[in-house]
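Source file: coords34.cif (mmCIF, C-alpha atoms)
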```cif
data_work
#
loop_
_atom_site.label_atom_id
_atom_site.label_comp_id
_atom_site.auth_asym_id
_atom_site.auth_seq_id
_atom_site.Cartn_x
_atom_site.Cartn_y
_atom_site.Cartn_z
CA MET A 23 112.84 108.29 114.64
CA ILE A 24 114.85 105.69 112.77
CA ASP A 25 113.37 106.61 109.38
CA PRO A 26 110.18 108.50 108.39
CA VAL A 27 108.07 105.57 109.61
CA ARG A 28 109.85 103.63 112.37
CA TYR A 29 110.83 104.81 115.82
CA LEU A 30 112.16 103.75 119.17
CA SER A 31 109.84 104.35 122.09
CA ASN A 32 108.79 102.96 125.45
CA ARG A 33 105.69 101.90 127.33
CA SER A 34 105.37 105.06 129.38
CA SER A 35 101.89 106.54 128.89
CA GLY A 36 102.55 109.94 130.47
CA LYS A 37 99.64 109.38 132.90
CA MET A 38 101.72 109.98 136.05
CA GLY A 39 103.04 113.28 134.73
CA TYR A 40 99.64 114.47 133.59
CA ALA A 41 98.17 113.53 136.99
CA ILE A 42 100.82 115.66 138.72
CA VAL A 43 99.99 118.57 136.41
CA LYS A 44 96.32 118.25 137.33
CA ALA A 45 97.07 118.08 141.06
CA ALA A 46 99.42 121.07 140.85
CA LEU A 47 96.80 123.13 139.02
CA ALA A 48 94.18 122.12 141.60
CA SER A 49 96.55 123.47 144.28
CA ARG A 50 96.70 126.77 142.31
CA HIS A 51 100.27 126.45 141.08
CA GLU A 52 101.29 127.78 137.70
CA VAL A 53 102.32 124.85 135.53
CA VAL A 54 104.39 124.49 132.39
CA LEU A 55 103.93 121.01 130.88
CA VAL A 56 106.67 119.87 128.51
CA SER A 57 105.27 116.71 126.97
CA GLY A 58 106.38 114.14 124.44
CA PRO A 59 103.86 112.36 122.20
CA VAL A 60 101.19 110.77 124.41
CA ALA A 61 97.52 109.86 124.00
CA LEU A 62 96.35 112.21 126.76
CA SER A 63 94.74 115.64 126.92
CA PRO A 64 96.39 118.08 129.30
CA SER A 65 94.29 119.75 131.98
CA ASP A 66 93.08 123.26 131.19
CA GLY A 67 95.28 125.92 132.66
CA ALA A 68 98.75 124.52 132.04
CA GLU A 69 101.07 126.09 129.50
CA VAL A 70 101.72 123.15 127.19
CA VAL A 71 104.92 122.69 125.21
CA SER A 72 104.69 119.67 122.88
CA VAL A 73 107.89 118.01 121.77
CA GLU A 74 108.71 114.78 119.97
CA SER A 75 112.35 113.84 120.43
CA ALA A 76 114.59 113.73 123.50
CA GLU A 77 116.63 116.57 122.00
CA ASP A 78 113.59 118.80 121.61
CA MET A 79 112.56 118.06 125.19
CA TYR A 80 116.04 119.00 126.43
CA ASP A 81 115.85 122.35 124.64
CA ALA A 82 112.30 123.05 125.85
CA VAL A 83 113.28 122.33 129.46
CA ALA A 84 116.54 124.29 129.27
CA GLU A 85 114.61 127.30 127.99
CA ARG A 86 111.99 127.27 130.74
CA ILE A 87 113.57 125.78 133.87
CA GLY A 88 115.04 129.11 135.02
CA GLY A 89 111.56 130.42 135.76
CA VAL A 90 110.20 127.67 137.98
CA ASP A 91 110.33 126.83 141.70
CA ALA A 92 110.16 123.08 141.16
CA ALA A 93 111.01 120.90 138.17
CA VAL A 94 109.31 117.51 138.12
CA MET A 95 110.85 115.21 135.54
CA THR A 96 108.48 112.32 134.98
CA ALA A 97 108.96 111.78 131.25
CA ALA A 98 110.51 108.47 130.23
CA VAL A 99 112.99 110.12 127.89
CA ALA A 100 114.96 107.95 125.47
CA ASP A 101 118.53 107.38 126.70
CA TYR A 102 119.70 106.56 123.18
CA ARG A 103 118.62 107.63 119.72
CA PRO A 104 119.59 106.27 116.29
CA ALA A 105 122.99 107.70 115.32
CA LYS A 106 121.67 108.24 111.79
CA VAL A 107 118.07 108.95 110.81
CA SER A 108 117.29 107.73 107.30
CA ASP A 109 115.43 110.19 105.05
CA ASP A 110 113.65 107.33 103.27
CA LYS A 111 111.90 104.29 104.65
CA ILE A 112 114.61 101.66 105.08
CA LYS A 113 114.02 98.66 102.79
CA LYS A 114 114.38 95.10 104.04
CA SER A 115 117.77 93.69 103.15
CA GLY A 116 119.73 90.98 104.96
CA GLU A 117 118.74 88.64 107.75
CA ARG A 118 120.43 90.93 110.25
CA LEU A 119 120.45 94.66 110.68
CA VAL A 120 122.58 96.65 113.08
CA LEU A 121 121.11 99.81 114.54
CA GLU A 122 123.77 102.17 115.86
CA LEU A 123 122.53 104.24 118.77
CA GLU A 124 124.07 107.22 120.49
CA ARG A 125 123.35 108.78 123.88
CA THR A 126 120.86 111.59 124.10
CA ARG A 127 121.59 114.54 126.39
CA ASP A 128 120.59 113.82 129.99
CA ILE A 129 117.89 116.33 130.90
CA LEU A 130 117.59 115.55 134.62
CA GLY A 131 121.38 115.22 134.91
CA SER A 132 121.90 118.62 133.27
CA ALA A 133 119.46 120.56 135.46
CA ARG A 134 121.89 121.43 138.28
CA ASP A 135 125.05 122.10 136.28
CA LEU A 136 124.36 122.99 132.66
CA MET A 137 120.99 124.59 133.34
CA ALA A 138 122.08 126.08 136.72
CA PHE A 139 118.75 125.20 138.30
CA ASP A 140 118.57 125.67 142.07
CA GLY A 141 114.88 124.99 142.71
CA VAL A 142 113.30 121.75 143.90
CA LEU A 143 114.36 118.99 141.52
CA VAL A 144 112.32 115.79 141.37
CA GLY A 145 113.43 112.76 139.40
CA PHE A 146 111.64 109.53 138.59
CA ALA A 147 113.08 106.03 138.38
CA ALA A 148 111.11 103.23 136.75
CA GLU A 149 113.02 100.06 137.39
CA THR A 150 112.58 96.32 137.06
CA GLY A 151 114.73 95.37 140.05
CA ASN A 152 117.22 96.79 142.61
CA ILE A 153 114.95 99.77 143.00
CA GLU A 154 116.45 101.38 146.10
CA ALA A 155 120.06 101.09 144.94
CA TYR A 156 119.28 102.59 141.52
CA ALA A 157 117.08 105.30 142.99
CA ARG A 158 119.65 106.38 145.60
CA GLY A 159 122.41 106.39 142.96
CA LYS A 160 120.28 108.53 140.66
CA LEU A 161 119.33 110.90 143.50
CA GLU A 162 123.01 111.49 144.21
CA ARG A 163 124.30 111.71 140.63
CA LYS A 164 121.62 114.10 139.40
CA GLY A 165 121.44 116.29 142.51
CA CYS A 166 117.70 115.75 143.05
CA ASP A 167 115.78 116.73 146.16
CA PHE A 168 114.01 113.42 145.90
CA ILE A 169 113.46 110.51 143.55
CA VAL A 170 110.10 108.83 142.99
CA ALA A 171 110.79 105.18 142.24
CA ASN A 172 108.52 102.40 141.10
CA ASP A 173 108.83 98.80 140.03
CA VAL A 174 107.45 98.57 136.51
CA SER A 175 107.81 94.80 136.48
CA GLN A 176 104.89 94.56 138.92
CA GLU A 177 101.49 93.82 137.41
CA GLY A 178 98.88 96.55 137.37
CA ILE A 179 100.99 99.54 138.32
CA GLY A 180 103.25 101.99 136.60
CA PHE A 181 103.46 102.32 132.81
CA GLN A 182 100.09 102.65 131.07
CA SER A 183 98.18 101.72 134.20
CA ASP A 184 95.89 104.17 135.99
CA GLN A 185 97.39 102.99 139.28
CA ASN A 186 100.80 103.36 140.78
CA GLU A 187 102.73 102.46 143.89
CA VAL A 188 105.92 104.37 144.55
CA THR A 189 108.66 104.97 147.07
CA VAL A 190 110.08 108.45 147.53
CA PHE A 191 113.80 108.58 148.40
CA TYR A 192 115.08 111.77 150.04
CA ARG A 193 118.58 113.28 150.29
CA ASN A 194 118.78 112.77 154.06
CA GLY A 195 118.56 109.00 153.58
CA SER A 196 114.90 108.65 154.52
CA SER A 197 112.23 107.22 152.30
CA GLN A 198 108.44 107.21 152.14
CA HIS A 199 106.28 104.52 150.63
CA LEU A 200 103.06 105.56 148.87
CA PRO A 201 100.94 102.41 148.70
CA ARG A 202 99.00 101.41 145.62
CA ALA A 203 96.54 104.12 144.63
CA SER A 204 95.24 105.89 141.55
CA LYS A 205 97.76 108.06 139.74
CA LYS A 206 95.44 110.96 140.61
CA GLU A 207 95.96 110.28 144.34
CA ILE A 208 99.69 109.65 143.95
CA GLY A 209 99.93 112.91 141.99
CA GLU A 210 98.19 114.80 144.80
CA SER A 211 100.54 113.26 147.38
CA LEU A 212 103.60 114.18 145.31
CA VAL A 213 102.43 117.80 144.95
CA LYS A 214 102.05 117.99 148.75
CA ILE A 215 105.56 116.57 149.18
CA ILE A 216 106.97 119.14 146.75
CA GLU A 217 105.18 121.94 148.60
CA GLY A 218 106.70 120.62 151.84
CA VAL A 219 110.21 120.58 150.42
CA LEU A 220 109.74 124.14 149.10
CA VAL A 221 108.61 125.37 152.51
CA ALA A 222 111.51 123.59 154.25
CA ARG A 223 114.02 125.06 151.79
CA ARG A 224 112.64 128.58 152.28
CA ALA A 225 112.89 128.10 156.03
CA GLY A 226 116.53 127.18 155.41
CA SER A 227 116.27 123.70 156.86
CA MET B 10 110.23 94.67 122.70
CA ILE B 11 113.89 95.52 123.35
CA ASP B 12 113.53 95.14 127.14
CA PRO B 13 110.49 95.25 129.46
CA VAL B 14 110.09 98.96 128.75
CA ARG B 15 111.46 99.91 125.32
CA TYR B 16 110.23 98.81 121.95
CA LEU B 17 110.58 99.35 118.23
CA SER B 18 107.41 100.48 116.48
CA ASN B 19 106.15 102.57 113.60
CA ARG B 20 103.72 105.39 112.89
CA SER B 21 100.98 103.21 111.52
CA SER B 22 97.75 103.85 113.44
CA GLY B 23 95.77 100.88 112.13
CA LYS B 24 93.00 103.22 110.94
CA MET B 25 93.05 101.96 107.34
CA GLY B 26 92.69 98.33 108.45
CA TYR B 27 89.94 99.12 110.91
CA ALA B 28 88.08 101.10 108.21
CA ILE B 29 88.24 98.07 105.90
CA VAL B 30 86.86 95.88 108.69
CA LYS B 31 83.98 98.29 109.16
CA ALA B 32 83.23 98.43 105.42
CA ALA B 33 83.40 94.63 105.11
CA LEU B 34 80.98 94.18 108.02
CA ALA B 35 78.64 96.77 106.49
CA SER B 36 78.66 94.64 103.31
CA ARG B 37 77.68 91.64 105.45
CA HIS B 38 80.96 89.76 105.23
CA GLU B 39 82.25 87.73 108.13
CA VAL B 40 85.46 89.31 109.40
CA VAL B 41 88.38 88.09 111.47
CA LEU B 42 90.51 91.04 112.60
CA VAL B 43 94.08 90.19 113.62
CA SER B 44 95.35 93.40 115.16
CA GLY B 45 98.56 94.60 116.77
CA PRO B 46 98.49 97.22 119.56
CA VAL B 47 96.55 100.27 118.33
CA ALA B 48 94.48 103.00 119.96
CA LEU B 49 91.28 102.03 118.13
CA SER B 50 88.13 100.11 119.01
CA PRO B 51 87.11 97.46 116.50
CA SER B 52 83.61 97.57 115.02
CA ASP B 53 81.08 95.24 116.63
CA GLY B 54 80.68 91.99 114.78
CA ALA B 55 84.27 91.15 113.89
CA GLU B 56 86.08 88.28 115.56
CA VAL B 57 89.07 90.07 117.08
CA VAL B 58 92.45 88.45 117.66
CA SER B 59 94.79 90.80 119.52
CA VAL B 60 98.53 90.29 119.14
CA GLU B 61 101.59 92.26 120.10
CA SER B 62 104.65 91.08 118.23
CA ALA B 63 105.23 90.28 114.55
CA GLU B 64 105.74 86.63 115.51
CA ASP B 65 102.38 86.44 117.29
CA MET B 66 100.70 88.02 114.28
CA TYR B 67 102.31 85.46 111.96
CA ASP B 68 100.98 82.61 114.09
CA ALA B 69 97.50 84.13 114.38
CA VAL B 70 97.26 84.62 110.60
CA ALA B 71 98.68 81.15 109.81
CA GLU B 72 96.06 79.61 112.08
CA ARG B 73 93.10 81.38 110.51
CA ILE B 74 93.94 82.11 106.87
CA GLY B 75 92.74 78.69 105.66
CA GLY B 76 89.16 79.60 106.47
CA VAL B 77 88.84 82.89 104.58
CA ASP B 78 88.01 83.94 101.00
CA ALA B 79 90.16 87.06 101.11
CA ALA B 80 93.12 88.04 103.28
CA VAL B 81 93.76 91.78 103.53
CA MET B 82 97.15 92.52 105.06
CA THR B 83 97.18 96.17 106.09
CA ALA B 84 99.23 95.91 109.28
CA ALA B 85 102.60 97.66 109.23
CA VAL B 86 104.41 94.66 110.68
CA ALA B 87 107.98 95.07 111.92
CA ASP B 88 110.49 93.71 109.38
CA TYR B 89 113.12 93.32 112.09
CA ARG B 90 113.02 92.64 115.81
CA PRO B 91 115.78 92.80 118.43
CA ALA B 92 117.87 89.63 118.21
CA LYS B 93 117.90 89.50 122.01
CA VAL B 94 115.21 90.78 124.35
CA SER B 95 116.61 91.81 127.72
CA ASP B 96 114.68 90.55 130.76
CA ASP B 97 115.60 93.66 132.72
CA LYS B 98 115.48 97.30 131.77
CA ILE B 99 118.80 98.03 130.05
CA LYS B 100 120.84 100.57 132.02
CA LYS B 101 122.63 103.43 130.34
CA SER B 102 126.26 102.62 129.74
CA GLY B 103 128.54 103.98 127.02
CA GLU B 104 128.08 106.79 124.53
CA ARG B 105 127.14 104.27 121.86
CA LEU B 106 124.92 101.23 121.90
CA VAL B 107 124.52 98.71 119.12
CA LEU B 108 121.15 97.10 118.70
CA GLU B 109 121.33 93.82 116.77
CA LEU B 110 118.17 93.15 114.81
CA GLU B 111 117.03 90.04 112.99
CA ARG B 112 114.37 89.55 110.33
CA THR B 113 110.87 88.64 111.41
CA ARG B 114 108.94 86.06 109.40
CA ASP B 115 107.23 87.62 106.37
CA ILE B 116 103.49 87.16 106.85
CA LEU B 117 102.31 88.39 103.44
CA GLY B 118 105.20 86.60 101.72
CA SER B 119 104.32 83.31 103.45
CA ALA B 120 100.62 83.31 102.58
CA ARG B 121 100.89 81.57 99.19
CA ASP B 122 103.62 79.04 99.93
CA LEU B 123 103.97 78.26 103.62
CA MET B 124 100.32 78.90 104.45
CA ALA B 125 99.04 77.47 101.12
CA PHE B 126 96.46 80.23 100.80
CA ASP B 127 94.65 80.37 97.45
CA GLY B 128 92.04 83.04 98.16
CA VAL B 129 92.22 86.72 97.26
CA LEU B 130 95.42 88.13 98.70
CA VAL B 131 95.74 91.88 99.21
CA GLY B 132 98.98 93.56 100.24
CA PHE B 133 99.73 97.13 101.25
CA ALA B 134 102.82 99.18 100.49
CA ALA B 135 103.51 102.39 102.38
CA GLU B 136 106.47 104.02 100.69
CA THR B 137 108.33 107.30 100.70
CA GLY B 138 109.33 107.22 97.03
CA ASN B 139 109.44 104.98 93.92
CA ILE B 140 105.96 103.81 94.78
CA GLU B 141 105.02 102.02 91.56
CA ALA B 142 108.30 100.10 91.25
CA TYR B 143 108.16 98.91 94.87
CA ALA B 144 104.48 98.05 94.68
CA ARG B 145 104.83 96.04 91.46
CA GLY B 146 107.85 94.19 92.84
CA LYS B 147 105.95 93.36 96.03
CA LEU B 148 102.85 92.25 94.05
CA GLU B 149 105.01 89.80 92.11
CA ARG B 150 107.18 88.49 94.94
CA LYS B 151 104.31 87.89 97.36
CA GLY B 152 101.81 86.53 94.85
CA CYS B 153 99.13 89.11 95.67
CA ASP B 154 95.99 89.74 93.64
CA PHE B 155 96.62 93.42 94.13
CA ILE B 156 98.69 95.85 96.14
CA VAL B 157 97.34 99.03 97.69
CA ALA B 158 100.15 101.58 97.69
CA ASN B 159 100.43 105.00 99.22
CA ASP B 160 103.04 107.67 99.66
CA VAL B 161 103.45 108.22 103.39
CA SER B 162 105.82 111.13 102.82
CA GLN B 163 102.86 113.22 101.63
CA GLU B 164 101.31 115.54 104.18
CA GLY B 165 97.87 114.74 105.51
CA ILE B 166 97.44 111.21 104.23
CA GLY B 167 98.41 107.74 105.28
CA PHE B 168 99.78 106.91 108.73
CA GLN B 169 97.73 108.31 111.62
CA SER B 170 95.67 110.50 109.33
CA ASP B 171 91.93 109.97 108.81
CA GLN B 172 92.47 110.47 105.11
CA ASN B 173 94.26 108.46 102.51
CA GLU B 174 95.05 108.49 98.81
CA VAL B 175 96.12 105.22 97.27
CA THR B 176 96.88 103.49 94.00
CA VAL B 177 95.82 99.89 93.46
CA PHE B 178 98.20 97.82 91.31
CA TYR B 179 96.77 94.67 89.73
CA ARG B 180 98.44 91.52 88.39
CA ASN B 181 97.49 92.25 84.78
CA GLY B 182 99.58 95.40 84.82
CA SER B 183 96.71 97.82 85.26
CA SER B 184 96.33 100.25 88.14
CA GLN B 185 93.58 102.34 89.68
CA HIS B 186 94.01 105.59 91.55
CA LEU B 187 91.71 106.30 94.50
CA PRO B 188 91.94 110.07 95.05
CA ARG B 189 92.20 111.60 98.48
CA ALA B 190 89.23 110.65 100.63
CA SER B 191 88.44 109.55 104.16
CA LYS B 192 89.79 106.13 105.17
CA LYS B 193 86.13 105.16 105.56
CA GLU B 194 85.50 105.85 101.87
CA ILE B 195 88.78 104.26 100.76
CA GLY B 196 87.88 101.21 102.88
CA GLU B 197 84.49 100.94 101.17
CA SER B 198 86.12 101.20 97.73
CA LEU B 199 88.66 98.50 98.62
CA VAL B 200 85.94 96.13 99.83
CA LYS B 201 84.11 96.63 96.49
CA ILE B 202 87.35 95.90 94.61
CA ILE B 203 87.90 92.72 96.64
CA GLU B 204 84.33 91.62 95.94
CA GLY B 205 84.95 92.22 92.24
CA VAL B 206 88.13 90.15 92.25
CA LEU B 207 86.30 87.34 94.08
CA VAL B 208 83.51 87.33 91.51
CA ALA B 209 86.00 87.37 88.62
CA ARG B 210 87.98 84.49 90.16
CA ARG B 211 84.83 82.42 90.63
CA ALA B 212 83.86 83.12 87.04
CA GLY B 213 87.31 81.75 86.15
CA SER B 214 88.51 84.93 84.49
#
```
Let me see the file written as structure tokens.
Amino acid sequence: MIDPVRYLSNRSSGKMGYAIVKAALASRHEVVLVSGPVALSPSDGAEVVSVESAEDMYDAVAERIGGVDAAVMTAAVADYRPAKVSDDKIKKSGERLVLELERTRDILGSARDLMAFDGVLVGFAAETGNIEAYARGKLERKGCDFIVANDVSQEGIGFQSDQNEVTVFYRNGSSQHLPRASKKEIGESLVKIIEGVLVARRAGS
Amino acid sequence: MIDPVRYLSNRSSGKMGYAIVKAALASRHEVVLVSGPVALSPSDGAEVVSVESAEDMYDAVAERIGGVDAAVMTAAVADYRPAKVSDDKIKKSGERLVLELERTRDILGSARDLMAFDGVLVGFAAETGNIEAYARGKLERKGCDFIVANDVSQEGIGFQSDQNEVTVFYRNGSSQHLPRASKKEIGESLVKIIEGVLVARRAGS
């Protein structure tokens, strides 16, 4: 929020995350869904924690991450928030207005250290170019098991769409392309991948 | 848009405007609906012009306002837009980020002069305090026939709600309070008020 009326947001619809929740429930996993404001109804059976701001989402995740085997961080969380939130609706004044923004806390980047999470950690990267380089950098910096990357500049996939096309980048340097499919199908594939990583970790590989 | 992914927006749902469209159609008026991105379906029978940015809405209104008897400007149009839109998704960098904003063109404020509109002009004012002073100032500055004002800091009315409670401020100094009711009912009342102003204007009063 910038004032009681205006806000900063992004085009993410939440559909990918909700599809993963549905697929995980269908595979009989227990699911905690921490969700920002979206126009979707969560599947029955998930424990739903509704939040609005990036700060609230950080707190909700920090509180619950200790109890899970895998944390899947699909939300397109704001990287910056207004440094000052006005209590009243800001009136028009000059021709120019400067909005001072400050960094929010990095939820994915805090999972390993600040939240001491040692389960399977999955990050998402929605990029408009240089996808592999950004995804591999993020994988490394945040200590993820894998990163699911997509190119949101492509027509018909990603944000708001019901379709997606992603590449999964793993720690061992390999990657896996999931060709264009419904978010439902991509969600099911990602749940299988997570289950595979869990099994491999338990086997100590 | 700030970049291909992030944007500045506000809590307005469009419900009040869409309710007025519905009421106007029910009273057998022809309706052109110029609408920004909302999660609503327009009533059958209106000519719909979908726009995204404040600039597109200005152009769409300027193009069509000459042909109408009454222009009802309910949209919560952005007063400022990013001075520069990034072609690529902006990467996180420092702790602080400064977003330079510039004024958008004032659609309601351009109707009388730049668009040479001499029909019934209705403005809306969503405020969080000092409602009457702001509404009367706006009425005067923009040359409206009347302003429909509401207090969006009140719980349960205004933005996103299905209910509203408004005060109509007229040029002759009088005002009319429409107590809390569904947006459907408020929309019907506003259409009746517009019809009354049209009749009075034609009678030369």
Query raised in the report: Which residues come within 8 Å of Asp91 (chain A), counting all atoms listed in the file, excluding same-chain residues fewer than 2 positions away, as a PyMOL selection string?
Result: chain A and resi 89+93+141-142+220
Within 8 Å of chain B, which residues of chain A come that close, and what is the closest atom pair and distance in Å for each? Count all atoms listed in the file and give it as a tab-separated table.
```
residue	atom	partner	partner_atom	distance
A:Pro26	CA	B:Ser162	CA	7.5
A:Val27	CA	B:Asn19	CA	5.3
A:Arg28	CA	B:Asn19	CA	4.0
A:Tyr29	CA	B:Ser18	CA	5.6
A:Leu30	CA	B:Leu17	CA	4.8
A:Ser31	CA	B:Tyr16	CA	5.6
A:Asn32	CA	B:Arg15	CA	4.1
A:Arg33	CA	B:Val14	CA	5.5
A:Ser34	CA	B:Val14	CA	7.7
A:Asp101	CA	B:Lys101	CA	6.8
A:Tyr102	CA	B:Leu106	CA	7.6
A:Asp110	CA	B:Thr137	CA	5.9
A:Lys111	CA	B:Thr137	CA	6.1
A:Lys114	CA	B:Asp88	CA	6.8
A:Gly116	CA	B:Arg112	CA	7.7
A:Glu117	CA	B:Arg112	CA	5.2
A:Arg118	CA	B:Glu111	CA	4.5
A:Leu119	CA	B:Leu110	CA	5.0
A:Val120	CA	B:Glu109	CA	4.8
A:Leu121	CA	B:Leu108	CA	5.0
A:Glu122	CA	B:Val107	CA	4.8
A:Leu123	CA	B:Leu106	CA	5.0
A:Glu124	CA	B:Arg105	CA	4.5
A:Arg125	CA	B:Glu104	CA	5.2
A:Glu149	CA	B:Lys98	CA	6.7
A:Thr150	CA	B:Asp97	CA	5.9
A:Gly151	CA	B:Asp97	CA	7.6
A:Ser175	CA	B:Pro13	CA	7.5
```
Report task. Please evaluate the PyMOL selection byres ((chain A and resi 189) around 10) against the structure above and give the resulting residues as a list in words. Result -> Ala147, Ile153, Glu154, Ala157, Ile169, Val170, Ala171, Asn172, Asp173, Glu187, Val188, Val190, Phe191, Tyr192, Ser197, Gln198, His199, Leu200 and Pro201 of chain A
Requested in this report: Counting all atoms listed in the file, write as number ranges by chain all protein and nucleic acid residues lying at most 12 Å from (86.3, 98.4, 98.0) in the file's frame.
Outcome: B: 28-33, 35-36, 81, 131, 157, 175, 177, 185, 187, 192-207
Requested in this report: Name the residues that the PyMOL selection byres ((chain A and resi 69) around 12) picks from the file above, as a VMD selection string, using the file's chain letters and numbers.
Outcome: chain A and resid 43 47 51 to 57 64 to 68 70 to 72 86
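In this structure, CA of Val99 (chain A) sits 9.8 Å away from CA of Leu130 (chain A).
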Query raised in the report: What is the distance, in Å and to one decimal place, between CA of Gly88 (chain A) and CA of Met137 (chain A)?
Result: 7.7 Å
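By all atoms listed in the file, and with residues fewer than 5 positions from Asn173 (chain B) along its chain excluded, the set lying at most 6 Å from it is Ile166, Gly167, Arg189, Ala190 and Lys192 of chain B.
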Go ahead and save the picked residues with C-alpha atoms, as a PDB file, keeping the file's coordinate frame.
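Listed below is the output, result-v5.pdb:
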```pdb
ATOM      1  CA  ILE B 166      97.440 111.210 104.230  1.00  0.00           C
ATOM      2  CA  GLY B 167      98.410 107.740 105.280  1.00  0.00           C
ATOM      3  CA  ARG B 189      92.200 111.600  98.480  1.00  0.00           C
ATOM      4  CA  ALA B 190      89.230 110.650 100.630  1.00  0.00           C
ATOM      5  CA  LYS B 192      89.790 106.130 105.170  1.00  0.00           C
TER       6      LYS B 192
END
```
Query raised in the report: How would you write as a VMD selection string the residues that get within 10 Å of (98.5, 81.8, 102.6) in the file's frame, counting all atoms listed in the file?
Result: chain B and resid 70 to 71 73 to 75 77 79 to 80 116 to 130 151 to 152
Query raised in the report: Looking at all atoms listed in the file, which of A:Ser75, A:Asn194, A:Ser108, A:Ser35 is the one that sits closest to Leu161 (chain A)?
Result: A:Asn194
Requested in this report: May I ask for the distance between CA of Asp78 (chain A) and CA of Val60 (chain A), given in Å to one decimal place?
Outcome: 15.0 Å
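Considering the residues A:Phe168, A:Met95, A:Ser204, A:Arg127 and counting only C-alpha atoms, Ala76 (chain A) has its shortest atom-to-atom contact with A:Arg127.
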